[in-house]
file input_35.cif (mmCIF, C-alpha atoms and all ligand atoms)
data_my_file
loop_
_atom_site.label_atom_id
_atom_site.label_comp_id
_atom_site.auth_asym_id
_atom_site.auth_seq_id
_atom_site.Cartn_x
_atom_site.Cartn_y
_atom_site.Cartn_z
CA MET A 1 -25.61 -6.27 -8.72
CA ALA A 2 -26.29 -2.72 -7.67
CA LEU A 3 -23.55 -0.13 -7.74
CA THR A 4 -24.65 2.50 -5.29
CA ARG A 5 -22.62 5.62 -4.84
CA ALA A 6 -23.06 8.50 -2.49
CA GLY A 7 -24.63 11.44 -4.23
CA ALA A 8 -24.78 9.63 -7.55
CA GLY A 9 -27.97 7.70 -7.05
CA SER A 10 -28.15 4.03 -7.85
CA LEU A 11 -26.54 2.53 -10.93
CA GLU A 12 -28.02 -0.81 -11.70
CA PRO A 13 -26.40 -2.44 -14.70
CA SER A 14 -28.85 -5.29 -14.57
CA ASP A 15 -31.65 -2.85 -15.40
CA ARG A 16 -30.00 -1.93 -18.64
CA ASP A 17 -28.08 -5.06 -19.47
CA ILE A 18 -24.90 -3.06 -19.89
CA PRO A 19 -22.91 -1.42 -17.13
CA VAL A 20 -22.79 2.35 -17.01
CA ALA A 21 -20.24 4.92 -15.99
CA LEU A 22 -20.82 8.52 -15.03
CA PRO A 23 -18.96 11.34 -16.75
CA GLY A 24 -15.27 11.17 -15.90
CA GLU A 25 -15.54 7.66 -14.56
CA ILE A 26 -14.65 4.19 -15.74
CA LEU A 27 -16.23 0.88 -14.95
CA VAL A 28 -13.79 -1.99 -14.78
CA ARG A 29 -14.24 -5.71 -14.61
CA VAL A 30 -12.05 -6.72 -11.68
CA ARG A 31 -9.39 -9.30 -12.54
CA ALA A 32 -7.57 -9.26 -9.20
CA CYS A 33 -7.60 -7.26 -5.98
CA GLY A 34 -4.89 -7.25 -3.35
CA VAL A 35 -5.69 -7.61 0.33
CA CYS A 36 -4.07 -4.84 2.34
CA ARG A 37 -3.72 -4.43 6.07
CA THR A 38 -5.79 -1.27 5.77
CA ASP A 39 -8.72 -3.45 4.68
CA LEU A 40 -8.28 -5.35 7.89
CA HIS A 41 -8.24 -2.14 9.94
CA ILE A 42 -11.48 -1.06 8.21
CA VAL A 43 -13.17 -4.42 8.74
CA ASP A 44 -11.99 -4.53 12.37
CA GLY A 45 -13.32 -1.01 13.04
CA GLU A 46 -9.90 0.45 13.83
CA LEU A 47 -10.33 3.44 11.51
CA PRO A 48 -12.97 6.17 11.82
CA PRO A 49 -16.08 4.71 10.18
CA ALA A 50 -16.78 5.86 6.64
CA GLU A 51 -20.05 5.08 4.92
CA ILE A 52 -21.19 1.58 5.77
CA PRO A 53 -21.72 -0.75 4.02
CA ILE A 54 -18.56 -0.36 2.00
CA VAL A 55 -16.85 -2.76 -0.39
CA PRO A 56 -13.17 -2.91 0.65
CA GLY A 57 -10.21 -3.29 -1.66
CA HIS A 58 -7.84 -0.69 -3.08
CA GLU A 59 -5.34 -2.74 -5.04
CA ILE A 60 -7.58 -3.33 -8.02
CA VAL A 61 -6.42 -4.64 -11.37
CA GLY A 62 -9.14 -4.74 -13.98
CA VAL A 63 -10.08 -4.15 -17.55
CA VAL A 64 -12.04 -1.09 -18.58
CA GLU A 65 -15.49 -2.08 -19.82
CA VAL A 66 -17.17 1.31 -19.97
CA VAL A 67 -15.81 4.84 -20.12
CA GLY A 68 -17.92 7.78 -19.07
CA ASP A 69 -18.21 10.96 -21.07
CA GLY A 70 -15.13 13.11 -21.02
CA VAL A 71 -12.65 10.33 -20.26
CA THR A 72 -9.67 10.76 -22.56
CA ASN A 73 -6.81 9.04 -20.76
CA LEU A 74 -8.27 5.51 -20.89
CA ALA A 75 -10.23 3.42 -23.37
CA VAL A 76 -12.37 0.32 -23.31
CA GLY A 77 -10.10 -2.74 -23.03
CA ASP A 78 -7.26 -0.98 -21.20
CA ARG A 79 -5.88 -2.86 -18.24
CA VAL A 80 -5.74 -0.50 -15.30
CA GLY A 81 -4.90 -0.34 -11.63
CA ILE A 82 -7.05 1.51 -9.13
CA PRO A 83 -5.23 2.45 -5.92
CA TRP A 84 -6.21 3.90 -2.55
CA LEU A 85 -6.34 7.55 -3.65
CA GLY A 86 -9.72 7.85 -5.37
CA TYR A 87 -10.43 11.58 -5.50
CA THR A 88 -8.95 14.92 -4.52
CA ASP A 89 -10.42 18.40 -4.90
CA GLY A 90 -7.36 19.87 -6.62
CA GLU A 91 -7.78 23.18 -4.89
CA CYS A 92 -6.99 22.92 -1.19
CA ALA A 93 -3.63 24.11 0.13
CA PHE A 94 -2.25 20.56 0.13
CA CYS A 95 -3.32 19.85 -3.45
CA ARG A 96 -1.86 23.15 -4.62
CA SER A 97 1.48 22.36 -2.99
CA GLY A 98 1.97 18.93 -4.55
CA ARG A 99 0.67 17.04 -1.54
CA GLU A 100 -2.64 15.71 -2.77
CA ASN A 101 -2.10 12.69 -0.51
CA LEU A 102 -3.18 15.04 2.31
CA CYS A 103 -6.12 16.63 0.46
CA VAL A 104 -8.78 17.79 2.89
CA SER A 105 -11.52 16.38 0.63
CA ALA A 106 -9.75 13.18 -0.40
CA ARG A 107 -11.80 10.07 -1.00
CA PHE A 108 -10.20 6.68 -0.76
CA THR A 109 -10.99 3.50 -2.64
CA GLY A 110 -12.47 0.76 -0.53
CA TYR A 111 -13.11 3.23 2.30
CA HIS A 112 -15.17 6.12 0.89
CA ASN A 113 -15.68 4.64 -2.59
CA ASP A 114 -16.63 1.02 -3.09
CA GLY A 115 -13.53 -1.00 -3.82
CA GLY A 116 -12.32 -4.16 -5.49
CA TYR A 117 -13.63 -7.04 -3.40
CA ALA A 118 -16.12 -7.32 -6.23
CA GLU A 119 -16.58 -8.35 -9.84
CA PHE A 120 -16.92 -4.75 -11.03
CA ALA A 121 -15.65 -1.46 -9.72
CA VAL A 122 -16.22 2.17 -10.67
CA ALA A 123 -13.44 4.72 -10.42
CA ASP A 124 -12.61 8.28 -11.38
CA ALA A 125 -10.55 7.82 -14.53
CA ALA A 126 -8.08 10.47 -13.37
CA TYR A 127 -7.02 8.20 -10.50
CA ALA A 128 -6.50 4.98 -12.47
CA PHE A 129 -3.22 3.89 -14.05
CA LYS A 130 -2.19 1.59 -16.84
CA ILE A 131 -0.51 -1.54 -15.55
CA PRO A 132 2.95 -2.45 -16.93
CA ASP A 133 2.76 -5.36 -19.37
CA ALA A 134 5.45 -7.29 -17.50
CA TYR A 135 3.00 -8.18 -14.73
CA SER A 136 0.07 -10.57 -14.75
CA ASP A 137 -3.14 -9.32 -13.15
CA VAL A 138 -2.49 -11.18 -9.92
CA GLU A 139 1.18 -10.18 -9.78
CA ALA A 140 0.33 -6.53 -10.35
CA ALA A 141 -2.28 -6.17 -7.61
CA PRO A 142 0.12 -5.79 -4.66
CA LEU A 143 2.02 -3.05 -6.48
CA LEU A 144 -0.97 -0.77 -6.08
CA CYS A 145 -0.73 -0.18 -2.35
CA ALA A 146 2.04 -2.27 -0.84
CA GLY A 147 4.16 -1.00 -3.71
CA LEU A 148 2.98 2.59 -4.09
CA ILE A 149 2.71 3.57 -0.45
CA GLY A 150 5.70 1.42 0.42
CA TYR A 151 7.66 3.36 -2.17
CA ARG A 152 6.51 6.69 -0.77
CA ALA A 153 7.71 5.52 2.66
CA TYR A 154 11.00 4.42 1.13
CA ARG A 155 11.57 7.86 -0.36
CA MET A 156 10.72 9.51 2.95
CA ALA A 157 13.39 7.33 4.58
CA GLY A 158 16.11 9.32 2.84
CA GLU A 159 19.34 8.24 1.24
CA GLY A 160 20.97 6.34 4.10
CA ARG A 161 22.79 3.15 3.23
CA ARG A 162 21.53 0.89 6.02
CA LEU A 163 17.77 0.45 5.92
CA GLY A 164 15.71 -1.53 8.41
CA LEU A 165 12.27 -2.89 7.48
CA TYR A 166 10.02 -3.82 10.40
CA GLY A 167 7.32 -6.30 9.39
CA PHE A 168 8.28 -8.28 6.32
CA GLY A 169 4.93 -8.58 4.55
CA ALA A 170 3.40 -7.31 1.34
CA ALA A 171 5.05 -3.88 1.31
CA ALA A 172 8.45 -4.81 2.73
CA HIS A 173 9.03 -7.66 0.30
CA LEU A 174 8.58 -5.23 -2.60
CA ILE A 175 10.51 -2.32 -1.13
CA ALA A 176 13.39 -4.59 -0.10
CA GLN A 177 13.92 -5.36 -3.79
CA VAL A 178 13.98 -1.67 -4.68
CA ALA A 179 16.43 -0.95 -1.87
CA VAL A 180 18.75 -3.81 -2.83
CA HIS A 181 18.59 -2.56 -6.42
CA ASP A 182 19.64 0.86 -5.09
CA LYS A 183 22.67 -0.78 -3.42
CA ARG A 184 21.29 -0.27 0.07
CA GLU A 185 22.00 -2.70 2.85
CA VAL A 186 18.64 -4.01 4.02
CA PHE A 187 17.95 -5.42 7.47
CA ALA A 188 14.64 -7.28 7.76
CA PHE A 189 12.85 -7.60 11.07
CA THR A 190 10.08 -10.15 11.55
CA ARG A 191 8.13 -11.64 14.41
CA ALA A 192 10.42 -13.74 16.63
CA GLY A 193 10.52 -17.30 15.35
CA ASP A 194 9.37 -16.49 11.82
CA ASP A 195 12.23 -18.43 10.24
CA ALA A 196 10.44 -18.72 6.90
CA GLY A 197 9.91 -14.95 6.75
CA GLN A 198 13.56 -14.31 7.59
CA GLN A 199 14.72 -16.76 4.94
CA PHE A 200 12.39 -15.10 2.41
CA ALA A 201 14.02 -11.76 3.22
CA ARG A 202 17.52 -13.15 2.71
CA ASP A 203 16.42 -14.76 -0.55
CA LEU A 204 15.41 -11.29 -1.77
CA GLY A 205 18.88 -9.95 -1.04
CA CYS A 206 18.52 -8.57 2.47
CA ALA A 207 21.88 -8.41 4.21
CA TRP A 208 20.48 -9.61 7.51
CA ALA A 209 17.17 -10.85 8.90
CA GLY A 210 16.15 -11.40 12.48
CA ALA A 211 13.54 -10.90 15.16
CA SER A 212 12.26 -7.37 15.70
CA ASN A 213 13.60 -7.23 19.27
CA VAL A 214 17.13 -8.11 18.20
CA ALA A 215 19.87 -5.61 17.42
CA PRO A 216 20.94 -5.50 13.78
CA PRO A 217 24.67 -5.94 13.10
CA GLU A 218 25.01 -2.18 12.47
CA PRO A 219 23.00 0.89 13.50
CA LEU A 220 20.32 1.88 11.00
CA ASP A 221 20.39 5.05 8.91
CA ALA A 222 16.68 4.62 8.38
CA ALA A 223 13.88 2.28 9.28
CA ILE A 224 10.39 1.80 7.87
CA ILE A 225 7.77 0.27 10.12
CA PHE A 226 5.13 -1.63 8.18
CA ALA A 227 3.76 -3.66 11.09
CA PRO A 228 0.92 -1.95 13.02
CA VAL A 229 2.76 -2.36 16.30
CA GLY A 230 3.48 0.81 18.30
CA PRO A 231 6.32 -0.63 20.42
CA LEU A 232 8.29 -1.12 17.19
CA VAL A 233 8.65 2.67 16.98
CA VAL A 234 10.67 2.62 20.17
CA GLU A 235 12.53 -0.46 19.01
CA ALA A 236 13.46 1.14 15.68
CA LEU A 237 14.51 4.45 17.27
CA SER A 238 16.76 2.54 19.66
CA ARG A 239 18.51 0.96 16.64
CA ALA A 240 18.83 4.19 14.65
CA ALA A 241 22.15 5.95 14.15
CA PRO A 242 22.37 9.72 14.81
CA ALA A 243 20.22 11.53 12.21
CA GLY A 244 18.47 8.22 11.52
CA ILE A 245 14.95 8.47 10.11
CA VAL A 246 12.13 6.24 11.33
CA VAL A 247 9.07 6.16 9.07
CA CYS A 248 5.71 4.75 10.17
CA ALA A 249 4.09 3.55 6.95
CA GLY A 250 0.76 2.20 8.14
CA ILE A 251 -2.56 3.97 8.53
CA HIS A 252 -3.07 2.61 12.02
CA MET A 253 -0.83 1.44 14.81
CA SER A 254 -1.28 0.32 18.39
CA ASP A 255 -0.23 2.96 20.93
CA ILE A 256 3.42 3.91 21.06
CA PRO A 257 4.85 3.44 24.55
CA SER A 258 6.60 6.40 26.14
CA PHE A 259 10.33 6.42 25.63
CA PRO A 260 13.33 8.40 26.87
CA TYR A 261 14.20 11.51 24.90
CA ARG A 262 17.72 10.25 24.31
CA LEU A 263 16.29 7.85 21.69
CA LEU A 264 15.23 10.85 19.58
CA TRP A 265 18.20 13.04 20.46
CA GLU A 266 21.03 13.53 17.95
CA GLU A 267 18.67 14.63 15.21
CA ARG A 268 16.85 11.36 14.77
CA VAL A 269 13.59 11.89 12.92
CA LEU A 270 10.26 10.14 13.50
CA ARG A 271 7.53 10.61 10.91
CA SER A 272 4.53 8.96 9.30
CA VAL A 273 3.57 8.54 5.67
CA ALA A 274 -0.03 8.99 4.63
CA ASN A 275 -1.68 7.80 1.41
CA LEU A 276 -0.12 8.45 -1.98
CA THR A 277 -0.02 11.03 -4.71
CA ARG A 278 -0.65 10.18 -8.35
CA GLN A 279 2.97 11.04 -8.99
CA ASP A 280 4.00 8.31 -6.53
CA ALA A 281 1.92 5.91 -8.63
CA ARG A 282 3.41 7.01 -11.92
CA ASP A 283 6.95 6.85 -10.51
CA PHE A 284 6.63 3.42 -8.93
CA LEU A 285 4.77 1.77 -11.80
CA ALA A 286 7.55 2.97 -14.12
CA LEU A 287 10.30 1.78 -11.78
CA ALA A 288 8.91 -1.64 -10.78
CA PRO A 289 9.46 -3.44 -14.12
CA ARG A 290 12.96 -1.96 -14.40
CA VAL A 291 14.21 -3.34 -11.05
CA PRO A 292 12.40 -5.71 -11.67
CA VAL A 293 10.26 -5.93 -8.55
CA LYS A 294 8.76 -9.41 -8.30
CA THR A 295 5.66 -9.93 -6.24
CA ARG A 296 5.01 -13.05 -4.20
CA VAL A 297 1.29 -13.65 -3.97
CA GLN A 298 -1.08 -16.02 -2.27
CA ARG A 299 -4.28 -16.31 -4.30
CA TYR A 300 -7.76 -16.57 -2.85
CA ALA A 301 -11.11 -16.81 -4.55
CA LEU A 302 -13.22 -13.70 -4.07
CA ALA A 303 -15.63 -15.75 -1.97
CA ASP A 304 -12.75 -16.48 0.44
CA ALA A 305 -12.06 -12.81 1.21
CA ASN A 306 -12.76 -13.32 4.90
CA ARG A 307 -10.35 -16.23 5.04
CA ALA A 308 -7.68 -14.06 3.37
CA LEU A 309 -8.26 -11.30 5.94
CA GLY A 310 -8.05 -13.87 8.73
CA ASP A 311 -4.77 -15.22 7.39
CA LEU A 312 -3.40 -11.68 7.20
CA ARG A 313 -4.51 -10.96 10.76
CA ASP A 314 -2.77 -14.13 11.97
CA GLY A 315 0.44 -13.57 10.00
CA ARG A 316 -0.07 -16.57 7.72
CA ILE A 317 0.57 -14.74 4.43
CA SER A 318 3.93 -14.91 2.72
CA GLY A 319 4.18 -11.85 0.49
CA ALA A 320 0.75 -10.51 -0.44
CA ALA A 321 -2.76 -11.98 -0.53
CA VAL A 322 -4.73 -11.40 -3.74
CA LEU A 323 -8.41 -12.07 -4.42
CA VAL A 324 -9.39 -13.37 -7.82
CA PRO A 325 -13.04 -13.09 -8.86
ZN ZN B 1 -3.35 -0.48 1.34
ZN ZN B 2 -7.20 19.02 -1.98
#
call {"tool": "encode", "arguments": {"input": "input_35.cif", "output": "structure tokens"}}
result
Amino acid sequence: MALTRAGAGSLEPSDRDIPVALPGEILVRVRACGVCRTDLHIVDGELPPAEIPIVPGHEIVGVVEVVGDGVTNLAVGDRVGIPWLGYTDGECAFCRSGRENLCVSARFTGYHNDGGYAEFAVADAAYAFKIPDAYSDVEAAPLLCAGLIGYRAYRMAGEGRRLGLYGFGAAAHLIAQVAVHDKREVFAFTRAGDDAGQQFARDLGCAWAGASNVAPPEPLDAAIIFAPVGPLVVEALSRAAPAGIVVCAGIHMSDIPSFPYRLLWEERVLRSVANLTRQDARDFLALAPRVPVKTRVQRYALADANRALGDLRDGRISGAAVLVP
């Protein structure tokens, strides 16, 4: 196994018999890695190409095997999560204003840095987080993107009582639990005919579940769109109450059709959410066991990563897919 990193030369553990980590970095043995829709966008070429080849995967749960010089926040044997945000410069205008998710020099796990569809992964120790004990490795994996970025989107959706979730997959099934815990009324929208998905949403406490082209029983104060489907933006705006907030939570979406201005009028807000900050990670990983957020996972062997991606593409995953080496 060769761990090759841009600018860092080639690290070949097999040459030395023990894995190595550069200063400031950790090497983890991967225990589980979630499969995120962003992985699918990368594999399908829907995002600007980064360095290829790249190992996808940014919902990594693993155990630290080696710590590089200067690492003080983690020790060998710690169980950690490695999310999408892999590096920021700490000095650009976004970093200095508490918005490192928008850092101009950001590097992302499984996109710029090799990720967790692997037996080992290397990460900057400053961007890895201890995993709450309440979760098994496999249960914890989806928290690291579906949970963290879902939670950022949830906070951007404001305080409104009636929340719509479009696309009831990995992120929505976690955020629905947080919203129900916060005494929100949650309306889940799925593909038409996805009776199992709608039942799953009701089982998690959603007040209503139905097809995405159907009107909810009440106008929405906010909606989060997790599905990468541009027409849902128009759909969600058309269901939003005055001052309603529509948040696009994905990194990629098909084109948004044109729509009449009256759908945005009355101070409705349309926005996206990009990436995560480390504070988002700290906040959500502290909150999740208190709710408690329970993850539904479908396990795949690492060798079946392509099958997992295919199942995600075709909407055959209930909850979140997780690879287990
Ligand atoms: Zn993701
Ligand atoms: Zn920056």
call {"tool": "residues_around", "arguments": {"input": "input_35.cif", "residues": "Ala243 in chain A", "least_positions_apart": "5", "cutoff": "12 Å", "atoms": "only C-alpha atoms", "output": "JSON, numbers by chain"}}
result
{"A": [157, 158, 159, 160, 219, 220, 221, 222, 223, 237, 263, 264, 265, 266, 267, 268, 269, 270]}
call {"tool": "closest_residue", "arguments": {"input": "input_35.cif", "among": "A:Val64, A:Leu323, A:Leu232, A:Val291", "to": "Asp124 in chain A", "atoms": "only C-alpha atoms"}}
result
A:Val64
call {"tool": "residues_near_point", "arguments": {"input": "input_35.cif", "point": "(14.5, -3.0, -5.0)", "cutoff": "12 Å", "atoms": "all atoms listed in the file", "output": "short mmCIF file (atom, residue, chain, number, x, y, z; two decimals) with C-alpha atoms, in the frame of the given file"}}
result
data_model
loop_
_atom_site.label_atom_id
_atom_site.label_comp_id
_atom_site.auth_asym_id
_atom_site.auth_seq_id
_atom_site.Cartn_x
_atom_site.Cartn_y
_atom_site.Cartn_z
CA GLY A 147 4.16 -1.00 -3.71
CA GLY A 150 5.70 1.42 0.42
CA TYR A 151 7.66 3.36 -2.17
CA TYR A 154 11.00 4.42 1.13
CA LEU A 163 17.77 0.45 5.92
CA ALA A 171 5.05 -3.88 1.31
CA ALA A 172 8.45 -4.81 2.73
CA HIS A 173 9.03 -7.66 0.30
CA LEU A 174 8.58 -5.23 -2.60
CA ILE A 175 10.51 -2.32 -1.13
CA ALA A 176 13.39 -4.59 -0.10
CA GLN A 177 13.92 -5.36 -3.79
CA VAL A 178 13.98 -1.67 -4.68
CA ALA A 179 16.43 -0.95 -1.87
CA VAL A 180 18.75 -3.81 -2.83
CA HIS A 181 18.59 -2.56 -6.42
CA ASP A 182 19.64 0.86 -5.09
CA LYS A 183 22.67 -0.78 -3.42
CA ARG A 184 21.29 -0.27 0.07
CA GLU A 185 22.00 -2.70 2.85
CA VAL A 186 18.64 -4.01 4.02
CA LEU A 204 15.41 -11.29 -1.77
CA GLY A 205 18.88 -9.95 -1.04
CA CYS A 206 18.52 -8.57 2.47
CA PHE A 284 6.63 3.42 -8.93
CA LEU A 287 10.30 1.78 -11.78
CA ALA A 288 8.91 -1.64 -10.78
CA PRO A 289 9.46 -3.44 -14.12
CA ARG A 290 12.96 -1.96 -14.40
CA VAL A 291 14.21 -3.34 -11.05
CA PRO A 292 12.40 -5.71 -11.67
CA VAL A 293 10.26 -5.93 -8.55
CA LYS A 294 8.76 -9.41 -8.30
CA THR A 295 5.66 -9.93 -6.24
#
call {"tool": "closest_residue", "arguments": {"input": "input_35.cif", "among": "A:Tyr300, A:Gly230, A:Leu85, A:Thr72", "to": "Ile256 in chain A", "atoms": "all atoms listed in the file"}}
result
A:Gly230
call {"tool": "residues_near_ligand", "arguments": {"input": "input_35.cif", "ligand": "ligand ZN 2 (chain B)", "cutoff": "9 Å", "atoms": "all atoms listed in the file", "output": "JSON, numbers by chain"}}
result
{"A": [87, 88, 89, 90, 91, 92, 93, 94, 95, 96, 99, 100, 101, 102, 103, 104, 105, 106]}
